[in-house]
Each structure stands twice: as structure tokens, then as C-alpha cells.
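Structure file model_20.tsv (TSV, N, CA and C atoms) follows.
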chain	number	residue	atom	x	y	z
A	1	GLN	N	-11.78	-83.08	-4.48
A	1	GLN	CA	-12.94	-83.95	-4.57
A	1	GLN	C	-12.52	-85.37	-4.19
A	2	VAL	N	-13.23	-85.95	-3.23
A	2	VAL	CA	-12.92	-87.30	-2.78
A	2	VAL	C	-13.59	-88.30	-3.71
A	3	GLN	N	-12.85	-89.33	-4.10
A	3	GLN	CA	-13.40	-90.42	-4.89
A	3	GLN	C	-13.05	-91.74	-4.21
A	4	LEU	N	-14.01	-92.66	-4.23
A	4	LEU	CA	-13.80	-93.99	-3.68
A	4	LEU	C	-13.98	-95.00	-4.80
A	5	VAL	N	-13.04	-95.91	-4.94
A	5	VAL	CA	-13.12	-96.93	-5.98
A	5	VAL	C	-13.15	-98.30	-5.32
A	6	ASP	N	-14.31	-98.95	-5.44
A	6	ASP	CA	-14.49	-100.28	-4.86
A	6	ASP	C	-14.04	-101.34	-5.86
A	7	ALA	N	-13.47	-102.41	-5.33
A	7	ALA	CA	-13.03	-103.51	-6.18
A	7	ALA	C	-12.99	-104.80	-5.39
A	8	GLY	N	-12.92	-105.93	-6.11
A	8	GLY	CA	-12.71	-107.21	-5.47
A	8	GLY	C	-13.90	-108.13	-5.43
A	9	GLY	N	-15.04	-107.67	-5.89
A	9	GLY	CA	-16.21	-108.53	-5.89
A	9	GLY	C	-16.10	-109.63	-6.93
A	10	GLY	N	-17.06	-110.55	-6.89
A	10	GLY	CA	-17.05	-111.63	-7.85
A	10	GLY	C	-18.02	-112.73	-7.45
A	11	LEU	N	-17.89	-113.85	-8.14
A	11	LEU	CA	-18.73	-115.02	-7.88
A	11	LEU	C	-17.90	-116.06	-7.12
A	12	VAL	N	-18.45	-116.53	-6.02
A	12	VAL	CA	-17.73	-117.50	-5.20
A	12	VAL	C	-18.73	-118.52	-4.66
A	13	GLN	N	-18.26	-119.71	-4.42
A	13	GLN	CA	-19.12	-120.73	-3.83
A	13	GLN	C	-19.26	-120.52	-2.33
A	14	ALA	N	-20.34	-121.00	-1.79
A	14	ALA	CA	-20.55	-120.93	-0.35
A	14	ALA	C	-19.36	-121.55	0.38
A	15	GLY	N	-18.94	-120.88	1.43
A	15	GLY	CA	-17.77	-121.33	2.18
A	15	GLY	C	-16.47	-120.70	1.71
A	16	GLY	N	-16.52	-120.02	0.58
A	16	GLY	CA	-15.32	-119.40	0.02
A	16	GLY	C	-15.04	-118.04	0.63
A	17	SER	N	-14.02	-117.39	0.07
A	17	SER	CA	-13.56	-116.10	0.59
A	17	SER	C	-13.37	-115.10	-0.55
A	18	LEU	N	-13.53	-113.84	-0.19
A	18	LEU	CA	-13.22	-112.73	-1.09
A	18	LEU	C	-12.64	-111.60	-0.24
A	19	ARG	N	-11.82	-110.77	-0.87
A	19	ARG	CA	-11.35	-109.57	-0.21
A	19	ARG	C	-11.70	-108.36	-1.06
A	20	LEU	N	-12.50	-107.48	-0.49
A	20	LEU	CA	-12.86	-106.24	-1.15
A	20	LEU	C	-11.86	-105.15	-0.77
A	21	SER	N	-11.66	-104.23	-1.69
A	21	SER	CA	-10.81	-103.08	-1.40
A	21	SER	C	-11.50	-101.80	-1.85
A	22	CYS	N	-11.15	-100.73	-1.19
A	22	CYS	CA	-11.70	-99.42	-1.51
A	22	CYS	C	-10.55	-98.42	-1.46
A	23	ALA	N	-10.18	-97.91	-2.61
A	23	ALA	CA	-9.10	-96.93	-2.70
A	23	ALA	C	-9.69	-95.53	-2.71
A	24	ALA	N	-9.20	-94.70	-1.83
A	24	ALA	CA	-9.73	-93.35	-1.68
A	24	ALA	C	-8.73	-92.30	-2.11
A	25	SER	N	-9.22	-91.26	-2.76
A	25	SER	CA	-8.37	-90.13	-3.06
A	25	SER	C	-8.50	-89.10	-1.94
A	26	GLY	N	-7.63	-88.12	-1.93
A	26	GLY	CA	-7.71	-87.07	-0.92
A	26	GLY	C	-6.70	-87.26	0.19
A	27	SER	N	-6.50	-86.20	0.95
A	27	SER	CA	-5.44	-86.19	1.95
A	27	SER	C	-5.94	-86.43	3.38
A	28	THR	N	-7.24	-86.61	3.55
A	28	THR	CA	-7.77	-86.75	4.92
A	28	THR	C	-8.17	-88.18	5.24
A	29	PHE	N	-7.74	-89.15	4.45
A	29	PHE	CA	-8.19	-90.53	4.62
A	29	PHE	C	-7.94	-91.03	6.04
A	30	SER	N	-6.77	-90.77	6.59
A	30	SER	CA	-6.43	-91.33	7.91
A	30	SER	C	-7.33	-90.80	9.00
A	31	ARG	N	-7.97	-89.65	8.76
A	31	ARG	CA	-8.84	-89.06	9.78
A	31	ARG	C	-10.31	-89.37	9.55
A	32	ALA	N	-10.60	-90.12	8.51
A	32	ALA	CA	-12.00	-90.42	8.17
A	32	ALA	C	-12.41	-91.78	8.73
A	33	ALA	N	-13.69	-91.88	9.07
A	33	ALA	CA	-14.28	-93.17	9.42
A	33	ALA	C	-14.69	-93.85	8.13
A	34	MET	N	-14.35	-95.13	8.02
A	34	MET	CA	-14.64	-95.88	6.80
A	34	MET	C	-15.54	-97.05	7.12
A	35	SER	N	-16.43	-97.35	6.20
A	35	SER	CA	-17.38	-98.44	6.42
A	35	SER	C	-17.64	-99.18	5.12
A	36	TRP	N	-18.19	-100.36	5.28
A	36	TRP	CA	-18.72	-101.13	4.16
A	36	TRP	C	-20.22	-101.34	4.42
A	37	TYR	N	-21.01	-101.06	3.40
A	37	TYR	CA	-22.44	-101.33	3.42
A	37	TYR	C	-22.72	-102.35	2.31
A	38	ARG	N	-23.90	-102.95	2.38
A	38	ARG	CA	-24.31	-103.82	1.30
A	38	ARG	C	-25.81	-103.67	1.07
A	39	GLN	N	-26.20	-103.95	-0.17
A	39	GLN	CA	-27.61	-103.90	-0.52
A	39	GLN	C	-27.94	-105.06	-1.43
A	40	ALA	N	-28.82	-105.92	-0.93
A	40	ALA	CA	-29.30	-107.04	-1.72
A	40	ALA	C	-30.55	-106.61	-2.48
A	41	ILE	N	-30.88	-107.34	-3.51
A	41	ILE	CA	-32.04	-107.01	-4.33
A	41	ILE	C	-33.29	-107.04	-3.46
A	42	GLY	N	-34.06	-105.97	-3.52
A	42	GLY	CA	-35.30	-105.90	-2.78
A	42	GLY	C	-35.16	-105.58	-1.31
A	43	LYS	N	-33.93	-105.28	-0.88
A	43	LYS	CA	-33.70	-104.97	0.53
A	43	LYS	C	-33.05	-103.61	0.69
A	44	GLN	N	-33.13	-103.09	1.90
A	44	GLN	CA	-32.50	-101.81	2.19
A	44	GLN	C	-31.00	-101.98	2.35
A	45	ARG	N	-30.29	-100.90	2.09
A	45	ARG	CA	-28.85	-100.92	2.30
A	45	ARG	C	-28.57	-101.05	3.81
A	46	GLU	N	-27.62	-101.90	4.16
A	46	GLU	CA	-27.32	-102.14	5.57
A	46	GLU	C	-25.82	-102.02	5.83
A	47	LEU	N	-25.50	-101.60	7.05
A	47	LEU	CA	-24.11	-101.49	7.46
A	47	LEU	C	-23.55	-102.88	7.73
A	48	VAL	N	-22.40	-103.16	7.16
A	48	VAL	CA	-21.74	-104.44	7.35
A	48	VAL	C	-20.63	-104.32	8.40
A	49	ALA	N	-19.76	-103.33	8.22
A	49	ALA	CA	-18.62	-103.17	9.12
A	49	ALA	C	-18.11	-101.74	9.03
A	50	SER	N	-17.52	-101.27	10.11
A	50	SER	CA	-16.95	-99.93	10.11
A	50	SER	C	-15.64	-99.93	10.89
A	51	ILE	N	-14.80	-98.96	10.56
A	51	ILE	CA	-13.52	-98.79	11.25
A	51	ILE	C	-13.28	-97.30	11.43
A	52	SER	N	-12.98	-96.92	12.64
A	52	SER	CA	-12.76	-95.51	12.93
A	52	SER	C	-11.34	-95.09	12.53
A	53	SER	N	-11.08	-93.80	12.64
A	53	SER	CA	-9.74	-93.30	12.35
A	53	SER	C	-8.71	-93.88	13.32
A	54	ALA	N	-9.16	-94.24	14.51
A	54	ALA	CA	-8.27	-94.82	15.51
A	54	ALA	C	-8.13	-96.34	15.37
A	55	GLY	N	-8.92	-96.92	14.46
A	55	GLY	CA	-8.81	-98.35	14.23
A	55	GLY	C	-9.84	-99.21	14.96
A	56	SER	N	-10.77	-98.58	15.65
A	56	SER	CA	-11.82	-99.35	16.31
A	56	SER	C	-12.80	-99.89	15.27
A	57	THR	N	-13.24	-101.11	15.47
A	57	THR	CA	-14.10	-101.75	14.48
A	57	THR	C	-15.45	-102.16	15.07
A	58	ASN	N	-16.43	-102.21	14.19
A	58	ASN	CA	-17.76	-102.70	14.55
A	58	ASN	C	-18.29	-103.53	13.38
A	59	TYR	N	-19.10	-104.53	13.72
A	59	TYR	CA	-19.63	-105.43	12.71
A	59	TYR	C	-21.12	-105.69	12.93
A	60	ALA	N	-21.80	-105.94	11.84
A	60	ALA	CA	-23.17	-106.41	11.94
A	60	ALA	C	-23.13	-107.82	12.52
A	61	ASP	N	-24.16	-108.15	13.28
A	61	ASP	CA	-24.20	-109.48	13.92
A	61	ASP	C	-24.09	-110.60	12.88
A	62	SER	N	-24.66	-110.36	11.72
A	62	SER	CA	-24.71	-111.41	10.69
A	62	SER	C	-23.33	-111.75	10.11
A	63	VAL	N	-22.33	-110.89	10.32
A	63	VAL	CA	-21.01	-111.15	9.74
A	63	VAL	C	-19.91	-111.30	10.79
A	64	LYS	N	-20.25	-111.13	12.05
A	64	LYS	CA	-19.24	-111.25	13.10
A	64	LYS	C	-18.58	-112.62	13.07
A	65	GLY	N	-17.26	-112.60	13.18
A	65	GLY	CA	-16.51	-113.85	13.15
A	65	GLY	C	-16.19	-114.35	11.76
A	66	ARG	N	-16.78	-113.74	10.73
A	66	ARG	CA	-16.52	-114.16	9.35
A	66	ARG	C	-15.85	-113.06	8.54
A	67	PHE	N	-16.21	-111.81	8.81
A	67	PHE	CA	-15.67	-110.68	8.04
A	67	PHE	C	-14.71	-109.88	8.92
A	68	THR	N	-13.71	-109.29	8.27
A	68	THR	CA	-12.76	-108.43	8.97
A	68	THR	C	-12.51	-107.17	8.15
A	69	ILE	N	-12.73	-106.02	8.78
A	69	ILE	CA	-12.44	-104.75	8.12
A	69	ILE	C	-11.08	-104.25	8.59
A	70	SER	N	-10.32	-103.68	7.68
A	70	SER	CA	-9.01	-103.14	8.04
A	70	SER	C	-8.70	-101.95	7.15
A	71	ARG	N	-7.70	-101.19	7.52
A	71	ARG	CA	-7.34	-100.02	6.72
A	71	ARG	C	-5.83	-99.89	6.66
A	72	ASP	N	-5.36	-99.36	5.55
A	72	ASP	CA	-3.95	-99.07	5.36
A	72	ASP	C	-3.88	-97.59	5.01
A	73	ASN	N	-3.55	-96.77	5.98
A	73	ASN	CA	-3.55	-95.33	5.76
A	73	ASN	C	-2.45	-94.89	4.80
A	74	ALA	N	-1.39	-95.66	4.72
A	74	ALA	CA	-0.31	-95.31	3.79
A	74	ALA	C	-0.76	-95.47	2.33
A	75	LYS	N	-1.73	-96.37	2.13
A	75	LYS	CA	-2.24	-96.62	0.78
A	75	LYS	C	-3.61	-96.01	0.55
A	76	ASN	N	-4.13	-95.29	1.55
A	76	ASN	CA	-5.49	-94.72	1.43
A	76	ASN	C	-6.51	-95.78	1.03
A	77	THR	N	-6.43	-96.94	1.64
A	77	THR	CA	-7.27	-98.06	1.24
A	77	THR	C	-7.88	-98.75	2.47
A	78	VAL	N	-9.12	-99.13	2.32
A	78	VAL	CA	-9.80	-99.93	3.33
A	78	VAL	C	-10.18	-101.26	2.69
A	79	TYR	N	-10.12	-102.31	3.50
A	79	TYR	CA	-10.37	-103.66	3.02
A	79	TYR	C	-11.51	-104.31	3.79
A	80	LEU	N	-12.13	-105.28	3.15
A	80	LEU	CA	-13.10	-106.14	3.83
A	80	LEU	C	-12.77	-107.58	3.44
A	81	GLN	N	-12.20	-108.30	4.38
A	81	GLN	CA	-11.91	-109.72	4.16
A	81	GLN	C	-13.16	-110.50	4.55
A	82	MET	N	-13.67	-111.27	3.61
A	82	MET	CA	-14.92	-112.01	3.83
A	82	MET	C	-14.62	-113.50	3.71
A	83	ASN	N	-14.79	-114.20	4.81
A	83	ASN	CA	-14.58	-115.65	4.84
A	83	ASN	C	-15.89	-116.37	5.13
A	84	SER	N	-15.89	-117.67	4.87
A	84	SER	CA	-17.08	-118.49	5.14
A	84	SER	C	-18.33	-117.85	4.56
A	85	LEU	N	-18.23	-117.44	3.31
A	85	LEU	CA	-19.34	-116.73	2.68
A	85	LEU	C	-20.57	-117.61	2.54
A	86	LYS	N	-21.72	-116.98	2.67
A	86	LYS	CA	-23.01	-117.66	2.58
A	86	LYS	C	-23.82	-117.04	1.43
A	87	PRO	N	-24.77	-117.79	0.89
A	87	PRO	CA	-25.62	-117.22	-0.17
A	87	PRO	C	-26.30	-115.91	0.26
A	88	GLU	N	-26.63	-115.80	1.53
A	88	GLU	CA	-27.29	-114.58	2.00
A	88	GLU	C	-26.36	-113.38	2.07
A	89	ASP	N	-25.07	-113.59	1.81
A	89	ASP	CA	-24.13	-112.46	1.72
A	89	ASP	C	-24.16	-111.82	0.32
A	90	THR	N	-24.89	-112.42	-0.59
A	90	THR	CA	-24.99	-111.89	-1.95
A	90	THR	C	-25.60	-110.50	-1.94
A	91	ALA	N	-24.88	-109.55	-2.52
A	91	ALA	CA	-25.32	-108.15	-2.52
A	91	ALA	C	-24.30	-107.31	-3.28
A	92	VAL	N	-24.67	-106.07	-3.51
A	92	VAL	CA	-23.69	-105.08	-3.95
A	92	VAL	C	-23.10	-104.44	-2.70
A	93	TYR	N	-21.80	-104.43	-2.62
A	93	TYR	CA	-21.09	-103.89	-1.47
A	93	TYR	C	-20.54	-102.50	-1.81
A	94	TYR	N	-20.78	-101.55	-0.89
A	94	TYR	CA	-20.39	-100.17	-1.11
A	94	TYR	C	-19.45	-99.69	-0.01
A	95	CYS	N	-18.40	-99.04	-0.42
A	95	CYS	CA	-17.51	-98.37	0.53
A	95	CYS	C	-18.13	-97.02	0.90
A	96	HIS	N	-17.94	-96.61	2.15
A	96	HIS	CA	-18.51	-95.37	2.66
A	96	HIS	C	-17.45	-94.65	3.47
A	97	ARG	N	-17.36	-93.35	3.25
A	97	ARG	CA	-16.38	-92.54	3.97
A	97	ARG	C	-17.09	-91.38	4.64
A	98	ARG	N	-16.80	-91.15	5.90
A	98	ARG	CA	-17.37	-90.00	6.62
A	98	ARG	C	-16.27	-89.23	7.32
A	99	TYR	N	-16.24	-87.94	7.04
A	99	TYR	CA	-15.28	-87.06	7.71
A	99	TYR	C	-15.99	-85.76	8.02
A	100	TRP	N	-16.24	-85.52	9.31
A	100	TRP	CA	-17.08	-84.41	9.75
A	100	TRP	C	-18.43	-84.51	9.02
A	101	ASN	N	-18.86	-83.52	8.32
A	101	ASN	CA	-20.16	-83.56	7.64
A	101	ASN	C	-20.07	-84.04	6.20
A	102	SER	N	-18.93	-84.49	5.81
A	102	SER	CA	-18.70	-84.91	4.43
A	102	SER	C	-18.84	-86.43	4.32
A	103	VAL	N	-19.72	-86.87	3.42
A	103	VAL	CA	-19.97	-88.30	3.22
A	103	VAL	C	-19.78	-88.63	1.74
A	104	HIS	N	-19.09	-89.73	1.49
A	104	HIS	CA	-18.88	-90.19	0.12
A	104	HIS	C	-19.11	-91.68	0.02
A	105	TRP	N	-19.54	-92.11	-1.17
A	105	TRP	CA	-19.81	-93.53	-1.44
A	105	TRP	C	-18.98	-93.99	-2.63
A	106	GLY	N	-18.58	-95.25	-2.58
A	106	GLY	CA	-17.99	-95.88	-3.74
A	106	GLY	C	-19.08	-96.29	-4.72
A	107	GLN	N	-18.66	-96.79	-5.86
A	107	GLN	CA	-19.62	-97.14	-6.91
A	107	GLN	C	-20.26	-98.50	-6.68
A	108	GLY	N	-19.68	-99.27	-5.77
A	108	GLY	CA	-20.23	-100.59	-5.46
A	108	GLY	C	-19.54	-101.70	-6.24
A	109	THR	N	-19.50	-102.87	-5.62
A	109	THR	CA	-18.94	-104.06	-6.27
A	109	THR	C	-19.83	-105.25	-5.93
A	110	GLN	N	-20.17	-106.03	-6.94
A	110	GLN	CA	-21.12	-107.12	-6.76
A	110	GLN	C	-20.44	-108.35	-6.17
A	111	VAL	N	-21.05	-108.89	-5.13
A	111	VAL	CA	-20.61	-110.16	-4.55
A	111	VAL	C	-21.76	-111.14	-4.70
A	112	THR	N	-21.47	-112.26	-5.32
A	112	THR	CA	-22.48	-113.30	-5.51
A	112	THR	C	-21.95	-114.61	-4.95
A	113	VAL	N	-22.70	-115.19	-4.02
A	113	VAL	CA	-22.31	-116.44	-3.38
A	113	VAL	C	-23.28	-117.52	-3.82
A	114	SER	N	-22.78	-118.53	-4.47
A	114	SER	CA	-23.63	-119.62	-4.95
A	114	SER	C	-23.67	-120.75	-3.92
A	115	SER	N	-24.80	-121.42	-3.88
A	115	SER	CA	-24.97	-122.50	-2.90
A	115	SER	C	-24.54	-123.84	-3.48

What does this structure look like when you write it as C-alpha cells?
Amino acid sequence: QVQLVDAGGGLVQAGGSLRLSCAASGSTFSRAAMSWYRQAIGKQRELVASISSAGSTNYADSVKGRFTISRDNAKNTVYLQMNSLKPEDTAVYYCHRRYWNSVHWGQGTQVTVSS
């Protein structure tokens, strides 16, 4: 059974930085596509960033140049480095794992950016 544990959220002032982490169990992590999604109150969940098993990355336009997704296959962990945070980045951030037809979500971690 795959489990994802999200961590690293918190309260930060605008312009600050946070690094989220997602630790995954299981032996297929290196072959899985990993992503970060976020959901703000009253809004739909949206894709923030993704990284393929080969290391290719994609970002939402709203975070390009500010956020960086990375993975450490030796630690079964994916990271989201968030810089120059804005109040509109406030949301619950969820780790997402996809491997073939298998999809798993983390429990989410709250990020709050104050103005």
C-alpha cells in the first residue's frame, strides 16, 4: 500500500519561502510521476507542478520562476521549493503520485501567506 506524507507547510509573509516535502512508501517511487496540487478555499484543486520519472518538469503559469519541484529517488521524496510567495498562493497543498493506473494523494499541508 502506497502512502504519501506531506509536510513543510506553515505561515509565511509575502515574499518569503517555504519548502514542502512528500515522503512516499513503496518500491516504485522512481518510476512514478509526482506532482503537487493546491486547493484554496472556494476554488477547485489545481495542478501546481509535476515531475516525471525521467526528471522532466512542468509548472502552472502562476508559479513559473518562483517554484521548483524536485525529487530524490534515494529518499523516496519529492520537494516543492516555493520562493517569492504571494497571498494568492495560500492553499492546502497536496502531493500526488501516478504510476500506470494507480493514483495516490497525500493528506495535504496548509500554506498561508500573509500580506

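Between atom CA of A:Ile69 and atom N of A:Glu88 lies a distance of 19.2 Å.
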
Which of chain A end up as strand (DSSP E) when DSSP is run on this backbone - answer as a PyMOL selection string? chain A and resi 4-7+10-13+18-24+33-39+46-51+57-59+67-72+77-82+91-99+102-105+109-114

Go ahead and compute the interatomic distance for atom CA of A:Val78 and atom C of A:Ser115, in Å to one decimal. 28.9 Å

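Proximity of A:Asn83, A:Ser114, A:Thr109, A:Asn58 to A:Gly9, computed with all atoms listed in the file, is greatest for A:Thr109.
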
So that I can see what lies close to A:Ala23, please list as an MDAnalysis selection string the residues with an atom at most 6 Å from it, counting all atoms listed in the file and leaving out residues fewer than 3 positions away in the same chain. chainID A and resid 3:6 76:78

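Of the residues under consideration (A:Ser56, A:Gln1, A:Gln81, A:Thr112), A:Gln81 shows the shortest atom-to-atom contact distance to A:Ser21 when counting all atoms listed in the file.
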
Fewer than 5 positions away in the same chain doesn't count, so skip those; otherwise give me all residues within 7 Å of stretch 46-54 of chain A, counting all atoms listed in the file, as number ranges by chain. A: 29-40, 59-60, 63, 69-70

In Å, rounded to a single decimal, give me how far atom C of A:Tyr93 is from atom C of A:Gln107. 6.3 Å

Using only C-alpha atoms, which residues of stretch 37-108 of chain A come within 10 Å of stretch 12-17 of chain A, and what is the closest atom pair for each, with the distance in Å to one decimal? Give it as a tab-separated table, sorted by chain and residue number.
residue	atom	partner	partner_atom	distance
A:Arg66	CA	A:Ser17	CA	9.4
A:Phe67	CA	A:Ser17	CA	9.5
A:Gln81	CA	A:Ser17	CA	7.5
A:Met82	CA	A:Ser17	CA	5.4
A:Asn83	CA	A:Ser17	CA	4.4
A:Ser84	CA	A:Gly15	CA	4.2
A:Leu85	CA	A:Gly15	CA	4.9
A:Lys86	CA	A:Ala14	CA	5.0
A:Pro87	CA	A:Ala14	CA	6.3
A:Glu88	CA	A:Ala14	CA	9.6
A:Asp89	CA	A:Ala14	CA	9.4
A:Thr90	CA	A:Val12	CA	9.7

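The shortest atom-to-atom distance to A:Cys22, with only N, CA and C atoms taken into account, belongs to A:Cys95 out of A:Ile41, A:Ser102, A:Cys95, A:Gln110.
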